[in-house]
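Structure record follows, encoded as structure tokens.
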Amino acid sequence: MAEEVKEKAEALDPRFMTSLARGLEVLAAFEGQEGLSVTQAAKLTGLPRSAVGRCLFTLERLGYVAAEGTSYRLCPGVLPLGRAFLLGDSLARAGQPVVEALRDRLGESSSLAMFDTRSRHRAVLYVCRAETMRIISVPLLIGSMLPSYCTSNGRVLLAALAPDALRAYLAGAELAARTAKTLTNTQALQAELARVRDQGWAMTDGELEPGLRSIAVPVRGPDGQALAALNLATQSAHRDQGWLLHTALPELQAAAAHLGRVAFR
């Protein structure tokens, strides 16, 4: 992320505030961390220690972080930042009841995800989540991010990209093998995305983590553009692919159509 900040700053646009960008980068570095020292935050962001120190001092004064010895931890003051989006975005606001209803009807975890707009690598960001049990080794919460190339919701969103945007993504994508089943070949992924685009849904089976199956459909805006992806995820020992296709998929498609209507009416 720090590389992107530098690129933007180097553009020399007088409207770009490098100090603000650095502060946000430092704040974002706390994801998944109980606490960070100045040195640790500098390593994670790629920013100079002196700049990170000033950012943390400012964030502490504003009540977003608290100092504990030589480390800093996030404070509850950061929560309204995310809450403002959840209350202000029509899809996120309407999506939580939809994913909860899917979970209750089908007995499996459901999520609504969008692209993380901060990332050139097209990570998917969970904006609504209803869980039955932990189905992945790390907790999946609202605000969690996952790679797009090996997740069902990510593939739905990738498949909806304009051709130029998709080519740019594929040209720079780092397709790390998360499991033995992960598609790591650019041509194979491109072919899979074309299939997703044609059929209108995506399924992954053990590509993110062994034993994890997921199916997703797009949620479209008034102009037909896919703005988010609605998915259902389960363990392969619990549900087979046939259940996802014949039971879960129609429910997801109906829920996505409903969400698109209520979010933009």
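Identifiers in this document derive from the order of the structure tokens: chains are assigned A, B, ..., residues are numbered from 1 separately in each chain, and ligands are numbered from 1 in order of occurrence.
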
Polymer residues at most 12 Å from A:Arg195, only C-alpha atoms, same-chain spacing of 4 or more positions, as a VMD selection string: chain A and resid 155 to 156 158 to 160 188 to 191 199 to 203

Would you save the residues of that selection, restricted to all heavy atoms, as a CSV table (one decimal), in the first residue's frame?
chain,number,residue,atom,x,y,z
A,155,ARG,N,-14.2,-14.0,-7.8
A,155,ARG,CA,-14.3,-14.3,-9.2
A,155,ARG,C,-15.5,-13.7,-9.9
A,155,ARG,O,-15.5,-13.3,-11.1
A,155,ARG,CB,-14.2,-15.8,-9.4
A,155,ARG,CG,-12.9,-16.4,-9.2
A,155,ARG,CD,-12.8,-17.9,-9.4
A,155,ARG,NE,-11.4,-18.4,-9.2
A,155,ARG,CZ,-11.1,-19.6,-9.2
A,155,ARG,NH1,-12.0,-20.6,-9.4
A,155,ARG,NH2,-9.9,-20.0,-8.9
A,156,VAL,N,-16.6,-13.6,-9.2
A,156,VAL,CA,-17.8,-13.0,-9.7
A,156,VAL,C,-17.5,-11.5,-10.0
A,156,VAL,O,-17.9,-11.0,-11.1
A,156,VAL,CB,-19.0,-13.1,-8.7
A,156,VAL,CG1,-20.0,-12.0,-9.0
A,156,VAL,CG2,-19.6,-14.5,-8.7
A,158,LEU,N,-14.4,-10.1,-10.5
A,158,LEU,CA,-13.4,-10.1,-11.5
A,158,LEU,C,-14.0,-10.3,-12.9
A,158,LEU,O,-13.7,-9.6,-13.9
A,158,LEU,CB,-12.3,-11.1,-11.3
A,158,LEU,CG,-11.3,-10.9,-10.2
A,158,LEU,CD1,-10.4,-12.1,-10.0
A,158,LEU,CD2,-10.5,-9.6,-10.4
A,159,ALA,N,-14.9,-11.2,-13.0
A,159,ALA,CA,-15.6,-11.6,-14.3
A,159,ALA,C,-16.4,-10.4,-14.8
A,159,ALA,O,-16.6,-10.3,-16.0
A,159,ALA,CB,-16.5,-12.8,-14.1
A,160,ALA,N,-16.8,-9.5,-13.9
A,160,ALA,CA,-17.6,-8.4,-14.3
A,160,ALA,C,-16.8,-7.1,-14.7
A,160,ALA,O,-17.4,-6.1,-15.1
A,160,ALA,CB,-18.6,-8.0,-13.2
A,188,ALA,N,-5.5,-20.1,-17.3
A,188,ALA,CA,-6.5,-20.9,-16.7
A,188,ALA,C,-7.5,-20.1,-15.9
A,188,ALA,O,-8.7,-20.3,-16.0
A,188,ALA,CB,-5.9,-22.0,-15.8
A,189,LEU,N,-7.0,-19.1,-15.2
A,189,LEU,CA,-7.9,-18.2,-14.5
A,189,LEU,C,-8.8,-17.4,-15.4
A,189,LEU,O,-10.0,-17.2,-15.2
A,189,LEU,CB,-7.1,-17.3,-13.6
A,189,LEU,CG,-7.9,-16.2,-12.8
A,189,LEU,CD1,-8.9,-16.9,-11.9
A,189,LEU,CD2,-7.0,-15.3,-12.0
A,190,GLN,N,-8.2,-16.9,-16.5
A,190,GLN,CA,-8.9,-16.1,-17.5
A,190,GLN,C,-10.0,-16.9,-18.1
A,190,GLN,O,-11.2,-16.5,-18.3
A,190,GLN,CB,-8.0,-15.6,-18.6
A,190,GLN,CG,-8.6,-14.6,-19.6
A,190,GLN,CD,-7.5,-14.0,-20.5
A,190,GLN,OE1,-6.4,-14.6,-20.6
A,190,GLN,NE2,-7.8,-12.9,-21.0
A,191,ALA,N,-9.8,-18.2,-18.4
A,191,ALA,CA,-10.8,-19.1,-18.9
A,191,ALA,C,-11.9,-19.3,-17.9
A,191,ALA,O,-13.1,-19.4,-18.3
A,191,ALA,CB,-10.2,-20.4,-19.4
A,199,GLN,N,-22.0,-18.0,-17.2
A,199,GLN,CA,-23.0,-18.7,-16.5
A,199,GLN,C,-23.7,-17.8,-15.4
A,199,GLN,O,-24.8,-18.2,-14.9
A,199,GLN,CB,-22.4,-20.0,-15.8
A,199,GLN,CG,-21.4,-19.7,-14.8
A,199,GLN,CD,-20.6,-20.9,-14.4
A,199,GLN,OE1,-20.6,-21.9,-15.2
A,199,GLN,NE2,-19.9,-20.9,-13.3
A,200,GLY,N,-23.0,-16.7,-15.0
A,200,GLY,CA,-23.6,-15.8,-14.0
A,200,GLY,C,-23.4,-16.2,-12.6
A,200,GLY,O,-24.0,-15.6,-11.7
A,201,TRP,N,-22.5,-17.1,-12.3
A,201,TRP,CA,-22.1,-17.5,-10.9
A,201,TRP,C,-20.7,-18.1,-10.9
A,201,TRP,O,-20.2,-18.5,-11.9
A,201,TRP,CB,-23.2,-18.5,-10.3
A,201,TRP,CG,-23.4,-19.7,-11.2
A,201,TRP,CD1,-24.4,-19.8,-12.1
A,201,TRP,CD2,-22.7,-20.9,-11.1
A,201,TRP,NE1,-24.3,-21.1,-12.7
A,201,TRP,CE2,-23.3,-21.8,-12.1
A,201,TRP,CE3,-21.6,-21.4,-10.4
A,201,TRP,CZ2,-22.8,-23.1,-12.4
A,201,TRP,CZ3,-21.2,-22.7,-10.6
A,201,TRP,CH2,-21.8,-23.5,-11.6
A,202,ALA,N,-20.2,-18.2,-9.7
A,202,ALA,CA,-18.8,-18.8,-9.5
A,202,ALA,C,-18.9,-19.8,-8.3
A,202,ALA,O,-19.5,-19.5,-7.3
A,202,ALA,CB,-17.8,-17.7,-9.3
A,203,MET,N,-18.1,-20.9,-8.5
A,203,MET,CA,-17.9,-21.8,-7.4
A,203,MET,C,-16.5,-22.1,-7.2
A,203,MET,O,-15.8,-22.3,-8.2
A,203,MET,CB,-18.7,-23.1,-7.7
A,203,MET,CG,-18.6,-24.1,-6.5
A,203,MET,SD,-19.3,-25.8,-6.9
A,203,MET,CE,-21.0,-25.4,-7.1

Polymer residues at most 12 Å from A:Ala41, only C-alpha atoms, same-chain spacing of 3 or more positions, as a PyMOL selection string: chain A and resi 2+22-31+33+35-38+44-56+70-73

Could the residues in this selection be written to a file with C-alpha atoms, as a short mmCIF file (atom, residue, chain, number, x, y, z; two decimals), in the first residue's frame?
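Contents of selection-v1.cif, freshly written:
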data_model
loop_
_atom_site.label_atom_id
_atom_site.label_comp_id
_atom_site.auth_asym_id
_atom_site.auth_seq_id
_atom_site.Cartn_x
_atom_site.Cartn_y
_atom_site.Cartn_z
CA ALA A 2 2.84 2.41 0.76
CA ARG A 22 0.57 8.29 5.31
CA GLY A 23 -1.64 8.53 8.38
CA LEU A 24 -4.26 6.32 6.78
CA GLU A 25 -1.59 3.81 5.74
CA VAL A 26 -0.36 3.60 9.32
CA LEU A 27 -3.92 3.17 10.59
CA ALA A 28 -4.56 0.39 8.06
CA ALA A 29 -1.39 -1.42 9.16
CA PHE A 30 -3.10 -2.39 12.43
CA GLU A 31 -5.36 -4.91 10.68
CA GLN A 33 -2.37 -6.78 14.86
CA GLY A 35 -0.36 -3.72 18.75
CA LEU A 36 2.48 -2.16 16.76
CA SER A 37 5.66 -0.34 17.60
CA VAL A 38 6.93 2.48 15.41
CA LEU A 44 4.55 -2.97 7.37
CA THR A 45 3.92 0.30 5.52
CA GLY A 46 7.35 0.88 3.99
CA LEU A 47 7.29 4.44 5.35
CA PRO A 48 10.19 6.15 7.19
CA ARG A 49 10.22 5.62 10.97
CA SER A 50 10.16 9.38 11.54
CA ALA A 51 6.99 9.75 9.45
CA VAL A 52 5.35 6.78 11.16
CA GLY A 53 6.21 8.22 14.56
CA ARG A 54 4.52 11.52 13.70
CA CYS A 55 1.47 9.69 12.35
CA LEU A 56 1.10 7.62 15.51
CA THR A 70 6.71 1.35 23.12
CA SER A 71 3.69 -0.02 21.26
CA TYR A 72 0.37 1.36 20.11
CA ARG A 73 -3.03 -0.29 19.91
#

Contacts of A:Pro163 within 12 Å, only C-alpha atoms, excl. fewer than 6 positions in-chain, as a ChimeraX atom specification: /A:169-170,190,193-194,197

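Across A:Leu183, A:Cys150, A:Leu161, A:Leu86, the tightest approach to A:Leu208 is made by A:Cys150 when counting only C-alpha atoms.
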
In stretch 101-150 of chain A, DSSP strand (DSSP E or B) residues written as a PyMOL selection string: chain A and resi 109-115+124-130+145-146

Filtering to N, CA and C atoms, could you give me those residues as a PDB file, in the first residue's frame?
ATOM      1  N   SER A 109     -22.924 -20.252   6.246  1.00  0.00           N
ATOM      2  CA  SER A 109     -22.464 -18.874   6.354  1.00  0.00           C
ATOM      3  C   SER A 109     -22.636 -18.124   5.034  1.00  0.00           C
ATOM      4  N   SER A 110     -23.059 -16.870   5.129  1.00  0.00           N
ATOM      5  CA  SER A 110     -23.307 -16.052   3.951  1.00  0.00           C
ATOM      6  C   SER A 110     -22.633 -14.699   4.108  1.00  0.00           C
ATOM      7  N   SER A 111     -22.222 -14.108   2.974  1.00  0.00           N
ATOM      8  CA  SER A 111     -21.506 -12.828   3.012  1.00  0.00           C
ATOM      9  C   SER A 111     -21.846 -11.989   1.796  1.00  0.00           C
ATOM     10  N   LEU A 112     -21.682 -10.696   1.954  1.00  0.00           N
ATOM     11  CA  LEU A 112     -21.737  -9.743   0.847  1.00  0.00           C
ATOM     12  C   LEU A 112     -20.373  -9.083   0.779  1.00  0.00           C
ATOM     13  N   ALA A 113     -19.761  -9.080  -0.414  1.00  0.00           N
ATOM     14  CA  ALA A 113     -18.409  -8.551  -0.559  1.00  0.00           C
ATOM     15  C   ALA A 113     -18.328  -7.589  -1.737  1.00  0.00           C
ATOM     16  N   MET A 114     -17.409  -6.640  -1.633  1.00  0.00           N
ATOM     17  CA  MET A 114     -17.106  -5.698  -2.701  1.00  0.00           C
ATOM     18  C   MET A 114     -15.595  -5.661  -2.888  1.00  0.00           C
ATOM     19  N   PHE A 115     -15.141  -5.068  -3.985  1.00  0.00           N
ATOM     20  CA  PHE A 115     -13.717  -4.848  -4.152  1.00  0.00           C
ATOM     21  C   PHE A 115     -13.222  -3.847  -3.112  1.00  0.00           C
ATOM     22  N   VAL A 124     -11.044  -8.676  -2.152  1.00  0.00           N
ATOM     23  CA  VAL A 124     -12.457  -8.504  -1.827  1.00  0.00           C
ATOM     24  C   VAL A 124     -12.591  -8.190  -0.339  1.00  0.00           C
ATOM     25  N   LEU A 125     -13.519  -7.307  -0.051  1.00  0.00           N
ATOM     26  CA  LEU A 125     -13.729  -6.804   1.301  1.00  0.00           C
ATOM     27  C   LEU A 125     -15.131  -7.192   1.744  1.00  0.00           C
ATOM     28  N   TYR A 126     -15.236  -7.834   2.895  1.00  0.00           N
ATOM     29  CA  TYR A 126     -16.531  -8.256   3.417  1.00  0.00           C
ATOM     30  C   TYR A 126     -17.253  -7.060   4.044  1.00  0.00           C
ATOM     31  N   VAL A 127     -18.435  -6.746   3.528  1.00  0.00           N
ATOM     32  CA  VAL A 127     -19.203  -5.619   4.057  1.00  0.00           C
ATOM     33  C   VAL A 127     -20.425  -6.082   4.853  1.00  0.00           C
ATOM     34  N   CYS A 128     -20.861  -7.324   4.651  1.00  0.00           N
ATOM     35  CA  CYS A 128     -21.923  -7.930   5.457  1.00  0.00           C
ATOM     36  C   CYS A 128     -21.543  -9.387   5.691  1.00  0.00           C
ATOM     37  N   ARG A 129     -21.897  -9.907   6.860  1.00  0.00           N
ATOM     38  CA  ARG A 129     -21.482 -11.274   7.189  1.00  0.00           C
ATOM     39  C   ARG A 129     -22.471 -11.889   8.172  1.00  0.00           C
ATOM     40  N   ALA A 130     -22.884 -13.127   7.906  1.00  0.00           N
ATOM     41  CA  ALA A 130     -23.720 -13.900   8.824  1.00  0.00           C
ATOM     42  C   ALA A 130     -23.134 -15.301   8.876  1.00  0.00           C
ATOM     43  N   MET A 145     -10.576  -9.042   4.560  1.00  0.00           N
ATOM     44  CA  MET A 145     -10.230  -9.062   3.145  1.00  0.00           C
ATOM     45  C   MET A 145      -9.700 -10.434   2.753  1.00  0.00           C
ATOM     46  N   LEU A 146     -10.015 -10.848   1.529  1.00  0.00           N
ATOM     47  CA  LEU A 146      -9.504 -12.089   0.968  1.00  0.00           C
ATOM     48  C   LEU A 146      -9.093 -11.839  -0.477  1.00  0.00           C
TER      49      LEU A 146
END

Every residue of stretch 4-245 of chain A that DSSP places in helix (DSSP H, G or I), as a PyMOL selection string: chain A and resi 4-10+18-28+38-45+49-61+76-88+90-106+152-159+163-172+186-199+241-245

Point-to-point distance in Å for atom CA of A:Gly260 and atom CA of A:Ala248: 18.2 Å

Neighbour list for stretch 94-99 of chain A as number ranges by chain, cut-off 12 Å, only C-alpha atoms, skip fewer than 5 positions in-chain: A: 86-89, 104-114, 126-132, 142, 219, 228-233, 251-265

Straight-line distance linking atom CA of A:Leu91 with atom CA of A:Cys75, stated in Å to one decimal: 27.2 Å

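Going from atom CA of A:Arg239 over to atom CA of A:Asp205, you cover 11.1 Å.
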
Shell of 12 Å around A:Pro76, only C-alpha atoms, local chain residues under 2 positions omitted, as a ChimeraX atom specification: /A:60,62-66,73-74,78-83
